[in-house]
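Let me begin by presenting the structure, written as structure tokens, before commenting on it.
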Amino acid sequence: PPILVKIAPDLTREDKIDIAAVALEQKLDGLIISNTTIQRPPEVASRPDGLEAGGLSGAPLMGPSTALLSEMYALTRGTIPLVGCGGVTSGQDAYAKIRAGASLVQLYTALVYQGAPLLPQIKMELARCLEEDGFSGVAEAVGADHAR
């Protein structure tokens with residue numbers, strides 16, 4: 001069966017380089033980017049419960065996880081399928097993950113809070129984003145933010 005490894009956004013540059021090298025060397029089937037973070041951005045840390053222990057998920061993870069996704073796409077030279085997750089709440093978010101290098105997009109927290117109607121909404125928004133940028137499908141847009 002295919003094996004994918006999920007990584008966290010709290011990695012050092014050296015960790016990222018090492019993970020990419022191992023993923024390429026071992027011909028890993030894919031990377032899931034990213035797991036929850038232990039970091040607390042100011043908008044979260046300033047809340048009364050903002051400094052609770054444990055992994056942070058949801059919207060605050062969108063920026064850091066997408067940056068990591070883009071970095072891992074570059075480090076793996078776009079040769080390993082990447083699953084973009086972390087903070088996806090809209091079709092625009094899914095599109096940002098795809099442009100950064102995701103072949104697939106995973107969501108969870110937004111689905112928990114917004115329910116099943118979120119799924120067709122994301123698909124419709126994603127289709128609109130692809131069309132506006134002249135892509136005929138997701139595969140054409142994967143990694144579009146990187147110079148080819």
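By order of appearance in the structure tokens: chains A, B, ..., then residues from 1 within every chain, and ligands from 1 in the order shown.
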Every residue of chain A that DSSP places in strand (DSSP E or B), as a VMD selection string
chain A and resid 4 to 7 30 to 33 37 56 82 to 84 104 to 105
Please save N, CA, C and O atoms of the selected residues as an mmCIF file, in the first residue's frame.
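Dumped everything to result39.cif:
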data_model
loop_
_atom_site.group_PDB
_atom_site.id
_atom_site.type_symbol
_atom_site.label_atom_id
_atom_site.label_comp_id
_atom_site.auth_asym_id
_atom_site.auth_seq_id
_atom_site.Cartn_x
_atom_site.Cartn_y
_atom_site.Cartn_z
ATOM 1 N N LEU A 4 2.405 7.458 3.098
ATOM 2 C CA LEU A 4 2.590 8.899 3.156
ATOM 3 C C LEU A 4 3.019 9.261 4.567
ATOM 4 O O LEU A 4 2.580 8.624 5.530
ATOM 5 N N VAL A 5 3.853 10.270 4.697
ATOM 6 C CA VAL A 5 4.326 10.725 5.998
ATOM 7 C C VAL A 5 3.826 12.145 6.217
ATOM 8 O O VAL A 5 3.974 13.008 5.340
ATOM 9 N N LYS A 6 3.238 12.384 7.396
ATOM 10 C CA LYS A 6 2.747 13.717 7.749
ATOM 11 C C LYS A 6 3.810 14.432 8.562
ATOM 12 O O LYS A 6 4.368 13.865 9.494
ATOM 13 N N ILE A 7 4.080 15.679 8.181
ATOM 14 C CA ILE A 7 5.082 16.458 8.903
ATOM 15 C C ILE A 7 4.451 17.714 9.491
ATOM 16 O O ILE A 7 3.416 18.188 9.025
ATOM 17 N N GLY A 30 4.327 9.882 -0.792
ATOM 18 C CA GLY A 30 3.841 11.237 -0.623
ATOM 19 C C GLY A 30 4.108 11.779 0.762
ATOM 20 O O GLY A 30 4.458 11.040 1.688
ATOM 21 N N LEU A 31 3.937 13.084 0.888
ATOM 22 C CA LEU A 31 4.049 13.776 2.167
ATOM 23 C C LEU A 31 2.749 14.513 2.433
ATOM 24 O O LEU A 31 2.160 15.099 1.509
ATOM 25 N N ILE A 32 2.315 14.502 3.673
ATOM 26 C CA ILE A 32 1.140 15.265 4.092
ATOM 27 C C ILE A 32 1.670 16.473 4.851
ATOM 28 O O ILE A 32 2.384 16.337 5.841
ATOM 29 N N ILE A 33 1.300 17.651 4.366
ATOM 30 C CA ILE A 33 1.853 18.875 4.919
ATOM 31 C C ILE A 33 0.716 19.828 5.263
ATOM 32 O O ILE A 33 0.060 20.347 4.383
ATOM 33 N N THR A 37 0.395 22.582 14.811
ATOM 34 C CA THR A 37 1.569 23.329 15.245
ATOM 35 C C THR A 37 1.538 23.557 16.749
ATOM 36 O O THR A 37 0.455 23.657 17.347
ATOM 37 N N LEU A 56 -2.222 23.078 17.620
ATOM 38 C CA LEU A 56 -3.178 24.049 17.102
ATOM 39 C C LEU A 56 -3.521 23.670 15.665
ATOM 40 O O LEU A 56 -2.635 23.384 14.856
ATOM 41 N N LEU A 82 2.227 15.716 -2.847
ATOM 42 C CA LEU A 82 2.067 16.382 -1.563
ATOM 43 C C LEU A 82 0.584 16.581 -1.291
ATOM 44 O O LEU A 82 -0.169 16.979 -2.181
ATOM 45 N N VAL A 83 0.189 16.318 -0.055
ATOM 46 C CA VAL A 83 -1.174 16.565 0.391
ATOM 47 C C VAL A 83 -1.136 17.834 1.230
ATOM 48 O O VAL A 83 -0.445 17.886 2.247
ATOM 49 N N GLY A 84 -1.852 18.843 0.784
ATOM 50 C CA GLY A 84 -1.893 20.106 1.516
ATOM 51 C C GLY A 84 -3.021 20.094 2.525
ATOM 52 O O GLY A 84 -4.168 19.834 2.176
ATOM 53 N N LEU A 104 -3.156 16.963 -3.728
ATOM 54 C CA LEU A 104 -4.413 16.679 -3.037
ATOM 55 C C LEU A 104 -4.551 17.661 -1.891
ATOM 56 O O LEU A 104 -3.547 18.158 -1.370
ATOM 57 N N VAL A 105 -5.791 17.907 -1.471
ATOM 58 C CA VAL A 105 -6.042 18.797 -0.337
ATOM 59 C C VAL A 105 -6.904 18.059 0.670
ATOM 60 O O VAL A 105 -7.896 17.426 0.306
#
Would you kindly return, as a PyMOL selection string, each protein, DNA or RNA residue with an atom no farther than 9 Å from any atom of Tyr108 (chain A), considering only C-alpha atoms and excluding same-chain residues fewer than 4 positions away?
chain A and resi 58+85-88+112-113
Between CA of Ser65 (chain A) and CA of Ser34 (chain A), what is the distance, to one decimal in Å?
5.5 Å
Can you tell me, as a ChimeraX atom specification, which residues in chain A count as alpha helix (DSSP H) by DSSP?
/A:13-25,42-45,62-75,91-100,109-114,118-132,138-141
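Proximity ranking of A:Ala110, A:Ile3, A:Leu75, A:Ala21 relative to Ala94 (chain A) places A:Ala110 first, based on only C-alpha atoms.
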Residue nearest Ala147 (chain A) - candidates A:Leu119, A:Leu11, A:Arg77, A:Val22, atoms counted: only C-alpha atoms
A:Arg77
